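Student: Structure file entry.cif (mmCIF, C-alpha atoms) right here:
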```
data_data
#
loop_
_atom_site.label_atom_id
_atom_site.label_comp_id
_atom_site.auth_asym_id
_atom_site.auth_seq_id
_atom_site.Cartn_x
_atom_site.Cartn_y
_atom_site.Cartn_z
CA MET J 1 189.74 -188.47 -140.37
CA GLU J 2 191.72 -188.64 -137.13
CA HIS J 3 193.74 -191.59 -138.42
CA SER J 4 194.52 -189.62 -141.57
CA LEU J 5 195.64 -186.66 -139.47
CA ARG J 6 197.92 -188.93 -137.44
CA ASP J 7 199.56 -190.25 -140.59
CA ARG J 8 200.01 -186.77 -142.02
CA VAL J 9 201.47 -185.40 -138.79
CA ARG J 10 203.86 -188.34 -138.57
CA ALA J 11 204.92 -187.63 -142.15
CA GLY J 12 205.64 -183.99 -141.37
CA ASP J 13 202.82 -182.50 -143.44
CA PRO J 14 202.82 -178.75 -142.62
CA GLU J 15 199.14 -178.38 -143.48
CA ALA J 16 198.20 -181.22 -141.14
CA PHE J 17 200.35 -179.74 -138.40
CA GLY J 18 198.64 -176.38 -138.90
CA ARG J 19 195.31 -178.11 -138.47
CA LEU J 20 196.62 -179.79 -135.32
CA PHE J 21 197.60 -176.39 -133.93
CA ASP J 22 194.28 -174.77 -134.79
CA THR J 23 192.39 -177.62 -133.15
CA PHE J 24 194.36 -178.07 -129.94
CA ALA J 25 196.24 -174.83 -129.22
CA PRO J 26 193.27 -173.45 -127.19
CA THR J 27 193.18 -176.67 -125.16
CA VAL J 28 196.90 -176.54 -124.39
CA HIS J 29 196.69 -172.84 -123.52
CA ARG J 30 193.74 -173.35 -121.18
CA HIS J 31 195.51 -176.20 -119.42
CA ALA J 32 198.71 -174.15 -119.06
CA VAL J 33 196.83 -171.16 -117.63
CA ARG J 34 195.19 -173.36 -115.03
CA VAL J 35 198.44 -175.05 -114.04
CA THR J 36 200.70 -171.98 -114.03
CA GLY J 37 198.17 -169.28 -113.15
CA ASN J 38 199.92 -166.95 -115.60
CA TRP J 39 198.54 -165.97 -119.00
CA SER J 40 201.91 -164.98 -120.48
CA THR J 41 203.61 -168.17 -119.29
CA ALA J 42 200.78 -170.20 -120.80
CA GLU J 43 201.42 -168.62 -124.19
CA ASP J 44 205.06 -169.68 -123.92
CA VAL J 45 203.94 -173.20 -123.02
CA VAL J 46 201.79 -173.38 -126.17
CA SER J 47 204.69 -172.28 -128.38
CA LEU J 48 207.14 -174.72 -126.82
CA THR J 49 204.60 -177.57 -126.84
CA PHE J 50 204.02 -177.36 -130.58
CA LEU J 51 207.72 -176.91 -131.30
CA GLU J 52 208.34 -180.12 -129.35
CA ALA J 53 205.40 -181.81 -131.07
CA TRP J 54 206.96 -181.04 -134.46
CA ARG J 55 210.34 -182.34 -133.29
CA LEU J 56 208.74 -185.52 -131.91
CA ARG J 57 206.19 -186.01 -134.71
CA GLU J 58 207.67 -189.33 -135.82
CA ARG J 59 206.93 -190.77 -132.38
CA VAL J 60 203.18 -190.38 -132.83
CA LEU J 61 201.63 -193.83 -132.70
CA ALA J 62 200.20 -195.00 -135.99
CA GLU J 63 196.90 -195.95 -134.35
CA GLY J 64 194.76 -194.21 -131.78
CA GLU J 65 192.00 -191.70 -131.32
CA SER J 66 192.51 -188.04 -130.46
CA LEU J 67 196.00 -186.55 -130.39
CA ARG J 68 195.01 -184.42 -127.39
CA PRO J 69 196.57 -186.75 -124.75
CA TRP J 70 199.85 -186.76 -126.69
CA LEU J 71 199.92 -182.94 -126.83
CA LEU J 72 198.95 -182.54 -123.17
CA GLY J 73 201.72 -184.96 -122.25
CA ILE J 74 204.21 -182.80 -124.12
CA ALA J 75 202.80 -179.68 -122.44
CA THR J 76 203.23 -181.32 -119.05
CA ASN J 77 206.89 -182.02 -119.79
CA VAL J 78 207.36 -178.45 -121.04
CA MET J 79 205.97 -177.07 -117.77
CA ARG J 80 208.21 -179.40 -115.76
CA ASN J 81 211.25 -178.07 -117.61
CA MET J 82 210.10 -174.46 -117.20
CA THR J 83 209.67 -175.01 -113.47
CA ARG J 84 213.18 -176.42 -113.17
CA ALA J 85 214.61 -173.57 -115.23
CA ALA J 86 212.77 -170.99 -113.12
CA ARG J 87 214.11 -172.61 -109.94
CA ARG J 88 217.68 -172.48 -111.25
CA HIS J 89 217.16 -168.86 -112.25
CA ARG J 90 215.86 -167.95 -108.79
CA ASP J 91 218.80 -169.70 -107.17
CA ALA J 92 221.21 -167.77 -109.38
CA LEU J 93 219.53 -164.47 -108.59
CA ALA J 94 219.65 -165.25 -104.89
CA ARG J 95 223.43 -165.31 -105.12
CA LEU J 96 223.55 -161.81 -106.64
CA PRO J 97 223.57 -158.55 -104.67
CA PRO J 98 220.04 -157.13 -104.03
CA ALA J 99 218.66 -155.10 -106.93
CA ALA J 100 215.93 -152.47 -107.13
CA PRO J 101 212.46 -154.09 -107.23
CA VAL J 102 210.86 -154.42 -110.66
CA PRO J 103 207.04 -154.14 -110.94
CA ASP J 104 205.32 -157.42 -111.80
CA PHE J 105 202.36 -156.92 -114.13
CA ALA J 106 201.48 -160.61 -114.46
CA ASP J 107 198.57 -160.30 -112.04
CA GLU J 108 196.98 -157.60 -114.18
CA VAL J 109 197.02 -159.94 -117.17
CA THR J 110 195.65 -162.84 -115.19
CA GLN J 111 192.69 -160.69 -114.12
CA ARG J 112 191.19 -161.46 -117.52
CA LEU J 113 190.33 -164.89 -116.17
CA ALA J 114 186.94 -165.28 -114.52
CA ASP J 115 186.92 -166.05 -110.81
CA GLN J 116 190.54 -165.06 -110.19
CA GLU J 117 190.20 -165.68 -106.47
CA GLU J 118 189.26 -169.29 -107.12
CA LEU J 119 192.24 -169.77 -109.44
CA VAL J 120 194.59 -168.39 -106.80
CA ALA J 121 193.13 -170.76 -104.19
CA ALA J 122 193.55 -173.63 -106.63
CA GLN J 123 197.17 -172.70 -107.31
CA ARG J 124 197.98 -172.58 -103.61
CA ALA J 125 196.28 -175.90 -102.95
CA LEU J 126 197.98 -177.56 -105.91
CA SER J 127 201.37 -176.33 -104.74
CA GLY J 128 200.92 -178.41 -101.60
CA MET J 129 200.74 -181.64 -103.58
CA ARG J 130 203.40 -183.89 -105.02
CA ARG J 131 204.11 -183.17 -108.68
CA ALA J 132 202.94 -186.58 -109.89
CA GLU J 133 199.59 -186.27 -108.12
CA ARG J 134 199.16 -182.66 -109.25
CA GLU J 135 199.70 -183.61 -112.90
CA VAL J 136 197.22 -186.47 -112.77
CA PHE J 137 194.62 -184.26 -111.11
CA THR J 138 194.90 -181.42 -113.62
CA LEU J 139 194.76 -183.78 -116.61
CA CYS J 140 191.84 -185.90 -115.38
CA VAL J 141 189.73 -183.24 -113.70
CA TRP J 142 190.49 -179.99 -115.49
CA GLU J 143 191.11 -181.46 -118.94
CA GLY J 144 188.70 -184.40 -118.68
CA LEU J 145 191.12 -187.13 -119.78
CA ASP J 146 190.09 -190.62 -118.80
CA THR J 147 192.44 -192.99 -117.01
CA ALA J 148 193.88 -194.46 -120.22
CA GLU J 149 194.40 -191.06 -121.84
CA ALA J 150 196.11 -189.64 -118.76
CA ALA J 151 198.35 -192.72 -118.63
CA GLU J 152 199.28 -192.13 -122.27
CA ALA J 153 199.98 -188.44 -121.63
CA LEU J 154 202.23 -189.13 -118.64
CA GLY J 155 203.85 -192.34 -119.83
CA VAL J 156 202.65 -194.41 -116.86
CA THR J 157 200.17 -197.24 -116.35
CA ALA J 158 196.44 -196.74 -115.88
CA GLY J 159 196.73 -198.27 -112.41
CA THR J 160 199.33 -195.67 -111.45
CA VAL J 161 196.97 -192.92 -112.61
CA ARG J 162 194.15 -194.28 -110.46
CA VAL J 163 196.36 -194.50 -107.37
CA ARG J 164 197.74 -190.99 -107.80
CA LEU J 165 194.29 -189.58 -108.46
CA SER J 166 192.87 -191.16 -105.33
CA ARG J 167 195.68 -189.69 -103.24
CA ALA J 168 195.28 -186.32 -104.90
CA ARG J 169 191.57 -186.16 -104.13
CA LYS J 170 192.12 -186.87 -100.45
CA ARG J 171 194.94 -184.35 -100.19
CA LEU J 172 193.11 -181.66 -102.13
CA ARG J 173 189.96 -181.90 -100.08
CA ALA J 174 191.80 -180.67 -97.01
CA LEU J 175 194.01 -178.18 -98.87
CA THR J 176 191.15 -176.57 -100.78
CA ASP J 177 188.96 -176.17 -97.71
CA ALA J 178 191.87 -174.51 -95.93
CA GLU J 179 192.61 -172.14 -98.83
CA ARG J 180 188.98 -171.16 -99.34
CA ALA J 181 188.60 -170.51 -95.62
CA ARG J 182 191.29 -167.84 -95.93
CA MET J 183 189.45 -166.08 -98.77
CA PRO J 184 186.91 -163.27 -98.21
CA ALA J 185 183.32 -164.48 -98.00
CA ALA J 186 182.43 -162.83 -101.32
CA ALA J 187 185.12 -164.83 -103.10
CA ARG J 188 183.76 -168.16 -101.85
CA ARG J 189 180.68 -168.05 -104.07
CA PRO J 190 180.30 -170.89 -106.61
CA SER J 191 182.46 -170.30 -109.67
CA VAL J 192 180.96 -170.25 -113.16
CA GLY J 193 184.15 -169.83 -115.18
CA VAL J 194 187.29 -171.60 -114.08
CA PRO J 195 186.88 -175.22 -112.87
CA THR J 196 187.97 -175.16 -109.24
CA LEU J 197 189.52 -177.70 -106.93
CA ALA J 198 186.65 -177.37 -104.48
CA ARG J 199 184.23 -178.82 -107.01
CA HIS J 200 186.22 -181.98 -107.56
CA THR J 201 187.74 -183.01 -104.24
CA GLY J 202 184.69 -184.64 -102.58
CA GLU J 203 184.05 -188.26 -103.41
CA ASP J 204 180.31 -187.62 -103.54
CA ARG J 205 180.81 -184.75 -105.99
CA CYS J 206 183.03 -186.23 -108.70
CA ALA J 207 184.55 -189.69 -109.08
CA VAL J 208 187.22 -188.19 -111.28
CA ASP J 209 189.02 -191.42 -111.98
CA GLN J 210 185.90 -192.68 -113.79
CA CYS J 211 184.27 -189.52 -115.09
CA ALA J 212 185.55 -189.60 -118.65
CA GLU J 213 185.21 -193.35 -118.94
CA GLU J 214 181.57 -193.17 -117.91
CA ARG J 215 180.87 -190.50 -120.52
CA ARG J 216 181.97 -192.95 -123.21
CA ARG J 217 179.55 -195.67 -122.17
#
```
For this file, write the structure as structure tokens.
Tutor:
Amino acid sequence: MEHSLRDRVRAGDPEAFGRLFDTFAPTVHRHAVRVTGNWSTAEDVVSLTFLEAWRLRERVLAEGESLRPWLLGIATNVMRNMTRAARRHRDALARLPPAAPVPDFADEVTQRLADQEELVAAQRALSGMRRAEREVFTLCVWEGLDTAEAAEALGVTAGTVRVRLSRARKRLRALTDAERARMPAAARRPSVGVPTLARHTGEDRCAVDQCAEERRR
């Protein structure tokens, strides 16, 4: 069935593309919320990801398993571009005369996520990492891609994924402990909703570079 879906998506079948959206839009949205920490931005990421997927549909490989790595790779590129655009926008605003402050209601929307304090700590810790390591970590740990799938999503080799993931784990262990230490004691309870960095940074807690591969065995 998956091979048939690939062929139909490659051929530009609107019904197949609608099925692709229904199946994977929640996955892309969840990943975008975790990476950006903003519900509204994540909705924009979903829209842009599937617009790009339609534009790039002929590049879908004829053979393969799930199309999820392909879509998450597109989403990753979309978020890269959005980050660059936001940086250029901030730089342009910085050159303008000061304006009256405008209320930001994004935090109120993000409160709908469980364990908001943990997500904030994760965002701060992730911001201290290199982009390449951050992307590998979020795809392998938060989205559960194995090494090969993450390599496909990012357009790199599996060996590169393993190296980046190892570096990310070491860096995140220190960053997460530091961020959680700044949080109130009540906020440091174990999270039951959003997967946190603290759960995945210890080597004895999750060998993330092998987790998905081991599930397949």
Student: Using only C-alpha atoms, which residues sit within 10 Å of Phe21 (chain J) once same-chain residues fewer than 4 positions away are excluded, as a VMD selection string?
Tutor: chain J and resid 15 to 17 25 to 28 46 to 47 50 53 71
Student: Give as a PDB file with C-alpha atoms, in the coordinates of the input the residues that the PyMOL selection byres ((chain J and resi 36) around 12) matches when applied to the coordinates above.
Tutor:
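Contents of the output file selection-v5.pdb:
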```pdb
ATOM      1  CA  VAL J  28     196.900-176.540-124.390  1.00  0.00           C
ATOM      2  CA  HIS J  29     196.690-172.840-123.520  1.00  0.00           C
ATOM      3  CA  ARG J  30     193.740-173.350-121.180  1.00  0.00           C
ATOM      4  CA  HIS J  31     195.510-176.200-119.420  1.00  0.00           C
ATOM      5  CA  ALA J  32     198.710-174.150-119.060  1.00  0.00           C
ATOM      6  CA  VAL J  33     196.830-171.160-117.630  1.00  0.00           C
ATOM      7  CA  ARG J  34     195.190-173.360-115.030  1.00  0.00           C
ATOM      8  CA  VAL J  35     198.440-175.050-114.040  1.00  0.00           C
ATOM      9  CA  GLY J  37     198.170-169.280-113.150  1.00  0.00           C
ATOM     10  CA  ASN J  38     199.920-166.950-115.600  1.00  0.00           C
ATOM     11  CA  TRP J  39     198.540-165.970-119.000  1.00  0.00           C
ATOM     12  CA  SER J  40     201.910-164.980-120.480  1.00  0.00           C
ATOM     13  CA  THR J  41     203.610-168.170-119.290  1.00  0.00           C
ATOM     14  CA  ALA J  42     200.780-170.200-120.800  1.00  0.00           C
ATOM     15  CA  GLU J  43     201.420-168.620-124.190  1.00  0.00           C
ATOM     16  CA  ASP J  44     205.060-169.680-123.920  1.00  0.00           C
ATOM     17  CA  VAL J  45     203.940-173.200-123.020  1.00  0.00           C
ATOM     18  CA  ALA J  75     202.800-179.680-122.440  1.00  0.00           C
ATOM     19  CA  THR J  76     203.230-181.320-119.050  1.00  0.00           C
ATOM     20  CA  VAL J  78     207.360-178.450-121.040  1.00  0.00           C
ATOM     21  CA  MET J  79     205.970-177.070-117.770  1.00  0.00           C
ATOM     22  CA  ARG J  80     208.210-179.400-115.760  1.00  0.00           C
ATOM     23  CA  MET J  82     210.100-174.460-117.200  1.00  0.00           C
ATOM     24  CA  THR J  83     209.670-175.010-113.470  1.00  0.00           C
ATOM     25  CA  ALA J 106     201.480-160.610-114.460  1.00  0.00           C
ATOM     26  CA  THR J 110     195.650-162.840-115.190  1.00  0.00           C
ATOM     27  CA  LEU J 119     192.240-169.770-109.440  1.00  0.00           C
ATOM     28  CA  VAL J 120     194.590-168.390-106.800  1.00  0.00           C
ATOM     29  CA  ALA J 122     193.550-173.630-106.630  1.00  0.00           C
ATOM     30  CA  GLN J 123     197.170-172.700-107.310  1.00  0.00           C
ATOM     31  CA  ARG J 124     197.980-172.580-103.610  1.00  0.00           C
ATOM     32  CA  LEU J 126     197.980-177.560-105.910  1.00  0.00           C
ATOM     33  CA  SER J 127     201.370-176.330-104.740  1.00  0.00           C
ATOM     34  CA  ARG J 134     199.160-182.660-109.250  1.00  0.00           C
ATOM     35  CA  GLU J 135     199.700-183.610-112.900  1.00  0.00           C
ATOM     36  CA  THR J 138     194.900-181.420-113.620  1.00  0.00           C
TER      37      THR J 138
END
```
Student: For the point (205.1, -185.5, -120.4) in file coordinates, what residues are within 6 Å, counting all atoms listed in the file? Give the answer as JSON, numbers by chain?
Tutor: {"J": [73, 74, 76, 77, 154]}
Student: Counting only C-alpha atoms, which of J:Leu165, J:Leu67, J:Ala125, J:Ala153 gets nearest to Phe137 (chain J)?
Tutor: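 Ranked by minimum distance to Phe137 (chain J), first place goes to J:Leu165.
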Student: Given the file shown, determine the residues that the PyMOL selection byres ((chain J and resi 136) around 10) selects; report them as an mmCIF file with C-alpha atoms, in the coordinates of the input.
Tutor:
```cif
data_model
loop_
_atom_site.group_PDB
_atom_site.id
_atom_site.type_symbol
_atom_site.label_atom_id
_atom_site.label_comp_id
_atom_site.auth_asym_id
_atom_site.auth_seq_id
_atom_site.Cartn_x
_atom_site.Cartn_y
_atom_site.Cartn_z
ATOM 1 C CA ARG J 131 204.110 -183.170 -108.680
ATOM 2 C CA ALA J 132 202.940 -186.580 -109.890
ATOM 3 C CA GLU J 133 199.590 -186.270 -108.120
ATOM 4 C CA ARG J 134 199.160 -182.660 -109.250
ATOM 5 C CA GLU J 135 199.700 -183.610 -112.900
ATOM 6 C CA PHE J 137 194.620 -184.260 -111.110
ATOM 7 C CA THR J 138 194.900 -181.420 -113.620
ATOM 8 C CA LEU J 139 194.760 -183.780 -116.610
ATOM 9 C CA CYS J 140 191.840 -185.900 -115.380
ATOM 10 C CA VAL J 141 189.730 -183.240 -113.700
ATOM 11 C CA TRP J 142 190.490 -179.990 -115.490
ATOM 12 C CA LEU J 145 191.120 -187.130 -119.780
ATOM 13 C CA THR J 147 192.440 -192.990 -117.010
ATOM 14 C CA ALA J 150 196.110 -189.640 -118.760
ATOM 15 C CA ALA J 151 198.350 -192.720 -118.630
ATOM 16 C CA ALA J 153 199.980 -188.440 -121.630
ATOM 17 C CA LEU J 154 202.230 -189.130 -118.640
ATOM 18 C CA THR J 160 199.330 -195.670 -111.450
ATOM 19 C CA VAL J 161 196.970 -192.920 -112.610
ATOM 20 C CA ARG J 162 194.150 -194.280 -110.460
ATOM 21 C CA VAL J 163 196.360 -194.500 -107.370
ATOM 22 C CA ARG J 164 197.740 -190.990 -107.800
ATOM 23 C CA LEU J 165 194.290 -189.580 -108.460
ATOM 24 C CA SER J 166 192.870 -191.160 -105.330
ATOM 25 C CA ALA J 168 195.280 -186.320 -104.900
ATOM 26 C CA ASP J 209 189.020 -191.420 -111.980
#
```
Student: Separation of CA of Arg8 (chain J) and CA of Arg57 (chain J), in Å?
Tutor: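 CA of Arg8 (chain J) sits 9.6 Å away from CA of Arg57 (chain J).
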Student: Counting all atoms listed in the file, which of J:Asp22, J:Arg171, J:Trp54, J:Asp146 gets nearest to Gly128 (chain J)?
Tutor: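 Using all atoms listed in the file, the shortest distance to Gly128 (chain J) belongs to J:Arg171.
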Student: Residues around (205.7, -187.3, -142.2), cut-off 12 Å, counting all atoms listed in the file - what are they as number ranges by chain?
Tutor: J: 4-17, 54-60, 62
Student: Between J:Arg19, J:Arg130, J:Arg68, J:Leu61, single out the one closest to Leu172 (chain J), counting all atoms listed in the file.
Tutor: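 Result for the nearest residue to Leu172 (chain J): J:Arg130.
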Student: So what do you get for CA of Arg84 (chain J) versus CA of Gly18 (chain J), distance-wise?
Tutor: 29.6 Å
Student: Put a box with edges along x, y and z around all the listed atoms of region 123-139 of chain J, pad it by 6 Å on each side, then give me its centre and sizes in Å, one decimal, as lines of an AutoDock Vina configuration file.
Tutor:
```
center_x = 199.4
center_y = -179.6
center_z = -109.1
size_x = 21.5
size_y = 26.0
size_z = 27.0
```
Student: When you draw a straight line from CA of Trp70 (chain J) to CA of Lys170 (chain J), how long is it in Å?
Tutor: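 Atom-to-atom, CA of Trp70 (chain J) and CA of Lys170 (chain J) are spaced 27.4 Å apart.
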